[in-house]
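This is my_file30.txt. It holds compact mmCIF, C-alpha atoms.
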# COMPACT_ATOMS: atom_id res chain seq x y z
CA MET A 1 0.72 72.74 72.18
CA ALA A 2 0.33 74.88 69.03
CA SER A 3 -3.29 75.67 69.86
CA ASN A 4 -2.37 76.70 73.41
CA SER A 5 0.41 78.96 72.12
CA ARG A 6 -1.92 80.57 69.58
CA ARG A 7 -4.64 81.06 72.20
CA TRP A 8 -2.33 82.78 74.68
CA ARG A 9 -0.74 84.83 71.91
CA GLN A 10 -4.17 86.02 70.83
CA MET A 11 -4.98 86.88 74.43
CA THR A 12 -1.77 88.92 74.61
CA VAL A 13 -2.71 90.80 71.43
CA TRP A 14 -6.21 91.42 72.81
CA LEU A 15 -4.87 92.75 76.11
CA HIS A 16 -2.34 94.93 74.30
CA VAL A 17 -5.03 96.49 72.09
CA LEU A 18 -7.41 96.92 75.04
CA THR A 19 -4.87 98.59 77.32
CA SER A 20 -3.44 100.75 74.53
CA ALA A 21 -6.91 102.07 73.70
CA GLY A 22 -7.52 102.68 77.40
CA TRP A 23 -4.17 104.46 77.76
CA MET A 24 -4.98 106.81 74.88
CA THR A 25 -8.51 107.41 76.16
CA LEU A 26 -7.27 108.27 79.64
CA ALA A 27 -4.70 110.68 78.18
CA LEU A 28 -7.55 112.51 76.43
CA VAL A 29 -9.64 112.46 79.61
CA LEU A 30 -6.73 114.04 81.49
CA PHE A 31 -6.53 116.72 78.81
CA ALA A 32 -10.25 117.48 79.19
CA LEU A 33 -9.98 117.71 82.97
CA LEU A 34 -6.88 119.87 82.87
CA TYR A 35 -8.42 122.14 80.27
CA LEU A 36 -11.40 122.53 82.56
CA ALA A 37 -9.06 123.37 85.43
CA VAL A 38 -7.36 126.06 83.32
CA THR A 39 -10.53 127.66 81.97
CA ALA A 40 -12.88 127.29 84.96
CA ARG A 41 -13.75 130.55 86.71
CA ASP A 42 -14.76 128.76 89.87
CA PRO A 43 -11.69 127.84 91.97
CA ALA A 44 -13.53 124.85 93.44
CA THR A 45 -14.21 123.47 89.96
CA ALA A 46 -10.58 123.96 88.95
CA ALA A 47 -9.36 122.25 92.11
CA GLY A 48 -11.77 119.35 91.64
CA ALA A 49 -10.77 118.84 88.00
CA THR A 50 -7.08 118.83 88.90
CA ALA A 51 -7.64 116.39 91.75
CA MET A 52 -9.61 114.07 89.48
CA ALA A 53 -6.84 114.20 86.87
CA ARG A 54 -4.27 113.24 89.51
CA TYR A 55 -6.45 110.36 90.71
CA LEU A 56 -7.09 109.00 87.21
CA ASP A 57 -3.39 109.20 86.39
CA VAL A 58 -2.51 106.95 89.33
CA ALA A 59 -5.57 104.69 89.34
CA LEU A 60 -6.03 104.07 85.60
CA LEU A 61 -3.65 105.76 83.17
CA ALA A 62 -0.40 104.52 84.71
CA PRO A 63 -1.58 100.88 85.16
CA LEU A 64 -2.97 100.77 81.61
CA GLY A 65 0.22 102.33 80.24
CA ASN A 66 2.37 99.77 82.06
CA ALA A 67 0.21 96.88 80.82
CA SER A 68 0.21 98.20 77.25
CA ALA A 69 3.98 98.54 77.25
CA ALA A 70 4.55 95.12 78.83
CA THR A 71 2.26 93.25 76.43
CA GLY A 72 3.69 95.08 73.42
CA ILE A 73 7.25 94.22 74.42
CA MET A 74 6.26 90.61 75.07
CA LEU A 75 4.70 90.34 71.62
CA GLY A 76 7.97 91.52 70.14
CA LEU A 77 10.02 89.12 72.24
CA GLY A 78 7.71 86.18 71.66
CA THR A 79 6.99 86.36 67.93
CA GLN A 80 8.79 86.57 64.60
CA TRP A 81 8.53 90.37 64.61
CA GLY A 82 11.14 90.87 67.33
CA LEU A 83 11.86 94.26 68.87
CA THR A 84 14.65 95.49 66.59
CA HIS A 85 14.26 93.51 63.35
CA HIS A 86 11.52 95.65 61.75
CA ARG A 87 11.61 99.43 61.61
CA TRP A 88 7.97 99.90 62.57
CA VAL A 89 8.35 97.66 65.63
CA LEU A 90 11.57 99.41 66.64
CA ALA A 91 9.82 102.77 66.28
CA LYS A 92 6.94 101.59 68.49
CA PHE A 93 9.41 100.28 71.06
CA ALA A 94 11.34 103.56 71.16
CA ILE A 95 8.16 105.63 71.44
CA THR A 96 6.92 103.40 74.26
CA LEU A 97 10.11 103.91 76.26
CA VAL A 98 9.86 107.68 75.81
CA GLN A 99 6.19 107.60 76.83
CA LEU A 100 6.92 105.62 79.98
CA TYR A 101 9.68 108.01 80.98
CA ALA A 102 7.52 111.06 80.24
CA GLY A 103 4.54 109.60 82.07
CA VAL A 104 6.42 108.55 85.20
CA PHE A 105 8.98 111.32 85.56
CA LEU A 106 7.31 114.29 83.86
CA LEU A 107 3.51 113.99 83.65
CA SER A 108 2.89 112.52 87.10
CA ARG A 109 5.24 114.99 88.81
CA ALA A 110 3.68 117.89 86.93
CA LEU A 111 0.22 116.75 88.02
CA ASP A 112 1.39 116.60 91.62
CA ALA A 113 2.85 120.08 91.34
CA ALA A 114 -0.36 121.40 89.79
CA GLY A 115 -2.38 119.89 92.61
CA ASP A 116 -0.09 121.39 95.24
CA ALA A 117 -0.22 124.84 93.64
CA LEU A 118 -3.90 125.24 92.88
CA ALA A 119 -3.61 128.99 92.55
CA ALA A 120 -1.32 128.63 89.55
CA GLY A 121 -3.22 125.71 88.05
CA PRO A 122 -1.99 123.29 85.36
CA SER A 123 0.58 124.64 82.93
CA ALA A 124 0.25 124.79 79.16
CA GLY A 125 3.07 122.23 78.94
CA LEU A 126 1.04 119.77 80.97
CA LEU A 127 -1.92 120.17 78.62
CA LEU A 128 0.31 119.67 75.60
CA GLY A 129 1.88 116.64 77.25
CA THR A 130 -1.43 114.81 77.51
CA VAL A 131 -2.20 115.57 73.86
CA ALA A 132 1.26 114.40 72.83
CA MET A 133 0.79 111.14 74.74
CA ALA A 134 -2.55 110.42 73.09
CA SER A 135 -1.15 111.36 69.67
CA ALA A 136 1.86 109.07 70.14
CA ILE A 137 -0.39 106.12 70.96
CA ALA A 138 -2.54 106.86 67.90
CA PHE A 139 0.63 106.98 65.77
CA GLN A 140 1.73 103.63 67.16
CA ALA A 141 -1.63 102.17 66.17
CA TRP A 142 -1.04 103.48 62.64
CA LEU A 143 2.39 101.84 62.59
CA SER A 144 0.82 98.51 63.61
CA VAL A 145 -1.65 98.70 60.74
CA VAL A 146 0.62 99.97 57.94
CA LYS A 147 3.91 98.34 59.07
CA PRO A 148 6.15 100.75 57.11
CA GLY A 149 9.91 100.81 56.73
CA GLY A 150 10.92 97.23 56.04
CA LYS A 151 13.61 95.42 58.05
CA THR A 152 16.60 96.73 59.97
CA ARG A 153 20.22 95.61 59.79
CA TRP A 154 19.66 93.55 62.95
CA SER A 155 17.35 91.24 61.00
CA ARG A 156 20.44 89.51 59.55
CA ASP A 157 23.16 87.60 61.34
CA ARG A 158 26.33 89.69 61.53
CA ARG A 159 28.63 86.74 60.81
CA THR A 160 26.76 84.83 58.13
CA GLY A 161 24.59 87.57 56.62
CA ARG A 162 21.61 85.23 56.70
CA PRO A 163 18.18 86.41 57.85
CA VAL A 164 17.63 85.72 61.53
CA ARG A 165 14.61 83.50 62.08
CA LEU A 166 12.86 84.44 65.28
CA PRO A 167 10.88 81.57 66.83
CA THR A 168 7.48 81.86 68.47
CA ALA A 169 7.71 81.69 72.25
CA ALA A 170 6.30 78.88 74.34
CA PRO A 171 2.70 79.17 75.62
CA TRP A 172 3.85 79.93 79.16
CA ILE A 173 5.63 83.06 77.95
CA PHE A 174 2.41 84.46 76.51
CA ALA A 175 0.47 83.28 79.57
CA GLY A 176 2.85 85.34 81.69
CA ALA A 177 2.37 88.29 79.33
CA VAL A 178 -1.36 88.19 80.09
CA LEU A 179 -1.41 87.24 83.75
CA ALA A 180 1.45 89.42 85.03
CA PRO A 181 -0.06 92.78 83.96
CA ALA A 182 -3.45 91.72 85.29
CA ALA A 183 -1.87 90.82 88.63
CA ASP A 184 0.09 94.08 88.67
CA ILE A 185 -3.11 96.07 88.18
CA ALA A 186 -4.76 94.18 91.04
CA VAL A 187 -1.77 94.69 93.35
CA GLY A 188 -1.43 98.34 92.36
CA THR A 189 -5.11 98.93 93.08
CA ALA A 190 -4.71 97.41 96.53
CA LEU A 191 -1.54 99.39 97.27
CA GLY A 192 -2.82 102.66 95.87
CA PHE A 193 -0.02 103.19 93.34
CA PRO A 194 1.09 101.50 90.07
CA SER A 195 3.22 98.40 90.59
CA PRO A 196 4.61 96.85 87.36
CA PHE A 197 6.94 94.47 89.23
CA LEU A 198 5.59 91.17 87.85
CA SER A 199 5.49 92.53 84.30
CA LEU A 200 9.14 93.52 84.57
CA VAL A 201 10.02 90.03 85.82
CA VAL A 202 8.18 88.37 82.92
CA VAL A 203 9.83 90.69 80.38
CA GLY A 204 13.22 89.90 81.88
CA VAL A 205 12.57 86.17 81.67
CA ALA A 206 11.38 86.51 78.07
CA VAL A 207 14.57 88.40 77.14
CA GLY A 208 16.67 85.62 78.66
CA VAL A 209 14.71 82.89 76.88
CA ARG A 210 14.91 84.68 73.52
CA ARG A 211 18.68 85.17 73.84
CA ARG A 212 19.25 81.54 74.77
CA THR A 213 17.10 80.33 71.89
CA LEU A 214 18.95 82.50 69.39
CA ARG A 215 22.35 81.34 70.74
CA GLU A 216 21.32 77.71 70.35
CA ALA A 217 20.04 78.32 66.83
CA ARG A 218 23.26 80.12 65.89
CA ALA A 219 25.36 77.29 67.30
CA LEU A 220 23.44 74.74 65.24
CA ALA A 221 23.82 76.84 62.12
CA VAL A 222 27.62 76.94 62.36
CA THR A 223 28.08 73.32 63.43
CA PRO A 224 29.54 71.24 60.56
CA GLY A 225 27.07 68.79 59.10
CA VAL A 226 24.01 70.57 60.59
CA GLY A 227 21.40 72.21 58.31

Produce C-alpha cells that represent the structure in this file.
Amino acid sequence: MASNSRRWRQMTVWLHVLTSAGWMTLALVLFALLYLAVTARDPATAAGATAMARYLDVALLAPLGNASAATGIMLGLGTQWGLTHHRWVLAKFAITLVQLYAGVFLLSRALDAAGDALAAGPSAGLLLGTVAMASAIAFQAWLSVVKPGGKTRWSRDRRTGRPVRLPTAAPWIFAGAVLAPAADIAVGTALGFPSPFLSLVVVGVAVGVRRRTLREARALAVTPGVG
C-alpha cells in the first residue's frame, strides 16, 4: 500500500514537472512566433506565424497548462504540504489561478483577435503576456526549490491552536491525478479544443476526501479519552 502510494505520488510529481516545463516552453514559443508576426515585413510570414501561435495555444499550451495546474493542486491536496498551509504553496496556487484565467480569458481571446485582424497584427500586450506567463512559471519553479515564507495561520487549528497534520492521500487519488490529465489531453486532441473535465472531477473528489479526513481527525482529537 505504501509503495503504491509513493509510486503514484512520484508519477504525479513527474507529470507536474514535465507539464510545467512544457507550459513555460510553449509560452516562450508563442512569444517567438508573435514577435516574428510583429517584425516580419512579409504579410504572409506574419499571418503564418500568428496562425501557428493560435494552433499551438489550443493544441499544446492550454492542455499542458491544465495538466500542470491539476497535478500541482492534487499534490497540495494529497500531501502534507496542503494548498494554504505554507506560504510558498499558497503563492504557487494563487499564481496558477491567475495564469489559468489569463490564459483562457485573455491570451486565447487576444490570439483569436490577432488572427482575425491580420492587418493590425499581435499587440504589444499580447507579446508581454506570453513573457509574463513564462516568467510566472519560472518563478513558481523557484518557489518549489527554495520554499520561502514559512507556514500560514491556516496551518494551525483555529480552536485548539495545534498544528494541523495533513495526511498523505490514498494511492487512487494520485492515480487519478496522473490518469485524468492524460485522458483530458487525449480527449481534447480528438475534439480539437482543451477539455479539462476529468481533471476538474478528480480535483473535486480530492477536495471532498481531504475535508472529510480532516473532519474525522478533528473529531478524534476533541473526543474525551482519545489521543

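Nearest residue to Ala141 (chain A) among A:Ala69, A:Ala217, A:Ala51, A:Val17 is A:Val17, counting only C-alpha atoms.
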
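Residues lying within 8 Å of Met133 (chain A), counting all atoms listed in the file and ignoring same-chain neighbours fewer than 5 positions away, are Met24, Ala27 and Gln99 of chain A.
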
Taking all atoms listed in the file into account, produce a table as a tab-separated table in which each residue of region 18-115 of chain A with an atom at most 12 Å from an atom of region 156-159 of chain A appears once, together with its shortest atom pair and the distance in Å to one decimal, ordered by chain and rising number.
residue	atom	partner	partner_atom	distance
A:Thr84	CA	A:Arg156	CA	10.9
A:His85	CA	A:Arg156	CA	8.3
A:His86	CA	A:Arg156	CA	11.1

Give the answer as one residue: which of A:Ala175, A:Leu191, A:Leu111, A:Leu26 has the shortest atom-to-atom distance to Ala124 (chain A), using all atoms listed in the file? A:Leu111

Enumerate, as a ChimeraX atom specification, the protein, DNA and RNA residues whose atoms approach (-0.4, 82.2, 71.3) to within 12 Å, taking into account all atoms listed in the file and the coordinate frame of the file. /A:1-14,74-75,78-79,168-178

Tell me, in Å to one decimal, how far CA of Leu64 (chain A) is from CA of Gly188 (chain A). 11.1 Å

Surrounding residues of Gln140 (chain A) excluding itself and chain neighbours under 3 positions, 6 Å, all atoms listed in the file, as a list in words: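 The contact residues come out as Lys92, Ile137 and Leu143 of chain A.
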
Neighbour list for Val131 (chain A) as a list in words, cut-off 12 Å, all atoms listed in the file, skip fewer than 5 positions in-chain: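 In the requested format, the answer is Trp23, Met24, Thr25, Leu26, Ala27, Leu28, Val29, Leu30, Phe31, Ala32, Leu34, Tyr35, Gln99, Leu107, Ala124, Gly125, Leu126, Ala136, Ile137 and Ala138 of chain A.
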
Take the residues that were just selected and, keeping C-alpha atoms, output them as an mmCIF file, keeping the file's coordinate frame.
data_model
loop_
_atom_site.group_PDB
_atom_site.id
_atom_site.type_symbol
_atom_site.label_atom_id
_atom_site.label_comp_id
_atom_site.auth_asym_id
_atom_site.auth_seq_id
_atom_site.Cartn_x
_atom_site.Cartn_y
_atom_site.Cartn_z
ATOM 1 C CA TRP A 23 -4.170 104.460 77.760
ATOM 2 C CA MET A 24 -4.980 106.810 74.880
ATOM 3 C CA THR A 25 -8.510 107.410 76.160
ATOM 4 C CA LEU A 26 -7.270 108.270 79.640
ATOM 5 C CA ALA A 27 -4.700 110.680 78.180
ATOM 6 C CA LEU A 28 -7.550 112.510 76.430
ATOM 7 C CA VAL A 29 -9.640 112.460 79.610
ATOM 8 C CA LEU A 30 -6.730 114.040 81.490
ATOM 9 C CA PHE A 31 -6.530 116.720 78.810
ATOM 10 C CA ALA A 32 -10.250 117.480 79.190
ATOM 11 C CA LEU A 34 -6.880 119.870 82.870
ATOM 12 C CA TYR A 35 -8.420 122.140 80.270
ATOM 13 C CA GLN A 99 6.190 107.600 76.830
ATOM 14 C CA LEU A 107 3.510 113.990 83.650
ATOM 15 C CA ALA A 124 0.250 124.790 79.160
ATOM 16 C CA GLY A 125 3.070 122.230 78.940
ATOM 17 C CA LEU A 126 1.040 119.770 80.970
ATOM 18 C CA ALA A 136 1.860 109.070 70.140
ATOM 19 C CA ILE A 137 -0.390 106.120 70.960
ATOM 20 C CA ALA A 138 -2.540 106.860 67.900
#

Just checking: using only C-alpha atoms, which residue out of A:Phe105, A:Leu77, A:Arg41, A:Ala47 ends up closest to Gly204 (chain A)?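 The shortest atom-to-atom distance to Gly204 (chain A) comes from A:Leu77.
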
Considering all atoms listed in the file, can you say which of A:Ala113, A:Leu60, A:Gly22, A:Thr160 comes closest to Ala219 (chain A)?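 Looking only at the distances to Ala219 (chain A), the closest residue turns out to be A:Thr160.
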
Can region 7-25 of chain A be brought up to N, CA, C and O atoms and written out as a PDB file, keeping the file's coordinate frame?
ATOM      1  N   ARG A   7      -3.606  80.491  71.339  1.00  0.00           N
ATOM      2  CA  ARG A   7      -4.640  81.060  72.200  1.00  0.00           C
ATOM      3  C   ARG A   7      -4.065  82.124  73.136  1.00  0.00           C
ATOM      4  O   ARG A   7      -4.610  83.221  73.261  1.00  0.00           O
ATOM      5  N   TRP A   8      -2.942  81.809  73.779  1.00  0.00           N
ATOM      6  CA  TRP A   8      -2.330  82.780  74.680  1.00  0.00           C
ATOM      7  C   TRP A   8      -1.753  83.969  73.922  1.00  0.00           C
ATOM      8  O   TRP A   8      -1.779  85.106  74.419  1.00  0.00           O
ATOM      9  N   ARG A   9      -1.254  83.722  72.724  1.00  0.00           N
ATOM     10  CA  ARG A   9      -0.740  84.830  71.910  1.00  0.00           C
ATOM     11  C   ARG A   9      -1.880  85.767  71.519  1.00  0.00           C
ATOM     12  O   ARG A   9      -1.727  86.996  71.560  1.00  0.00           O
ATOM     13  N   GLN A  10      -3.011  85.193  71.160  1.00  0.00           N
ATOM     14  CA  GLN A  10      -4.170  86.020  70.830  1.00  0.00           C
ATOM     15  C   GLN A  10      -4.663  86.804  72.042  1.00  0.00           C
ATOM     16  O   GLN A  10      -5.065  87.963  71.911  1.00  0.00           O
ATOM     17  N   MET A  11      -4.593  86.182  73.212  1.00  0.00           N
ATOM     18  CA  MET A  11      -4.980  86.880  74.430  1.00  0.00           C
ATOM     19  C   MET A  11      -4.026  88.047  74.704  1.00  0.00           C
ATOM     20  O   MET A  11      -4.449  89.120  75.155  1.00  0.00           O
ATOM     21  N   THR A  12      -2.746  87.847  74.421  1.00  0.00           N
ATOM     22  CA  THR A  12      -1.770  88.920  74.610  1.00  0.00           C
ATOM     23  C   THR A  12      -2.055  90.074  73.663  1.00  0.00           C
ATOM     24  O   THR A  12      -1.992  91.245  74.055  1.00  0.00           O
ATOM     25  N   VAL A  13      -2.362  89.754  72.402  1.00  0.00           N
ATOM     26  CA  VAL A  13      -2.710  90.800  71.430  1.00  0.00           C
ATOM     27  C   VAL A  13      -3.963  91.551  71.890  1.00  0.00           C
ATOM     28  O   VAL A  13      -4.016  92.790  71.844  1.00  0.00           O
ATOM     29  N   TRP A  14      -4.958  90.795  72.341  1.00  0.00           N
ATOM     30  CA  TRP A  14      -6.210  91.420  72.810  1.00  0.00           C
ATOM     31  C   TRP A  14      -5.943  92.357  73.970  1.00  0.00           C
ATOM     32  O   TRP A  14      -6.438  93.493  74.000  1.00  0.00           O
ATOM     33  N   LEU A  15      -5.152  91.913  74.948  1.00  0.00           N
ATOM     34  CA  LEU A  15      -4.870  92.750  76.110  1.00  0.00           C
ATOM     35  C   LEU A  15      -4.051  93.974  75.705  1.00  0.00           C
ATOM     36  O   LEU A  15      -4.259  95.074  76.239  1.00  0.00           O
ATOM     37  N   HIS A  16      -3.149  93.794  74.760  1.00  0.00           N
ATOM     38  CA  HIS A  16      -2.340  94.930  74.300  1.00  0.00           C
ATOM     39  C   HIS A  16      -3.226  95.980  73.631  1.00  0.00           C
ATOM     40  O   HIS A  16      -3.088  97.183  73.908  1.00  0.00           O
ATOM     41  N   VAL A  17      -4.126  95.548  72.769  1.00  0.00           N
ATOM     42  CA  VAL A  17      -5.030  96.490  72.090  1.00  0.00           C
ATOM     43  C   VAL A  17      -5.942  97.172  73.109  1.00  0.00           C
ATOM     44  O   VAL A  17      -6.151  98.394  73.066  1.00  0.00           O
ATOM     45  N   LEU A  18      -6.484  96.391  74.036  1.00  0.00           N
ATOM     46  CA  LEU A  18      -7.410  96.920  75.040  1.00  0.00           C
ATOM     47  C   LEU A  18      -6.729  97.975  75.913  1.00  0.00           C
ATOM     48  O   LEU A  18      -7.259  99.080  76.122  1.00  0.00           O
ATOM     49  N   THR A  19      -5.552  97.649  76.424  1.00  0.00           N
ATOM     50  CA  THR A  19      -4.870  98.590  77.320  1.00  0.00           C
ATOM     51  C   THR A  19      -4.325  99.793  76.571  1.00  0.00           C
ATOM     52  O   THR A  19      -4.287 100.904  77.125  1.00  0.00           O
ATOM     53  N   SER A  20      -3.915  99.609  75.320  1.00  0.00           N
ATOM     54  CA  SER A  20      -3.440 100.750  74.530  1.00  0.00           C
ATOM     55  C   SER A  20      -4.577 101.737  74.272  1.00  0.00           C
ATOM     56  O   SER A  20      -4.385 102.964  74.384  1.00  0.00           O
ATOM     57  N   ALA A  21      -5.752 101.197  73.908  1.00  0.00           N
ATOM     58  CA  ALA A  21      -6.910 102.070  73.700  1.00  0.00           C
ATOM     59  C   ALA A  21      -7.282 102.783  74.993  1.00  0.00           C
ATOM     60  O   ALA A  21      -7.615 103.978  74.991  1.00  0.00           O
ATOM     61  N   GLY A  22      -7.227 102.059  76.111  1.00  0.00           N
ATOM     62  CA  GLY A  22      -7.520 102.680  77.400  1.00  0.00           C
ATOM     63  C   GLY A  22      -6.512 103.747  77.764  1.00  0.00           C
ATOM     64  O   GLY A  22      -6.870 104.807  78.300  1.00  0.00           O
ATOM     65  N   TRP A  23      -5.240 103.492  77.483  1.00  0.00           N
ATOM     66  CA  TRP A  23      -4.170 104.460  77.760  1.00  0.00           C
ATOM     67  C   TRP A  23      -4.405 105.749  76.984  1.00  0.00           C
ATOM     68  O   TRP A  23      -4.330 106.853  77.545  1.00  0.00           O
ATOM     69  N   MET A  24      -4.735 105.629  75.693  1.00  0.00           N
ATOM     70  CA  MET A  24      -4.980 106.810  74.880  1.00  0.00           C
ATOM     71  C   MET A  24      -6.227 107.550  75.359  1.00  0.00           C
ATOM     72  O   MET A  24      -6.246 108.788  75.447  1.00  0.00           O
ATOM     73  N   THR A  25      -7.270 106.793  75.684  1.00  0.00           N
ATOM     74  CA  THR A  25      -8.510 107.410  76.160  1.00  0.00           C
ATOM     75  C   THR A  25      -8.279 108.187  77.447  1.00  0.00           C
ATOM     76  O   THR A  25      -8.756 109.321  77.602  1.00  0.00           O
TER      77      THR A  25
END
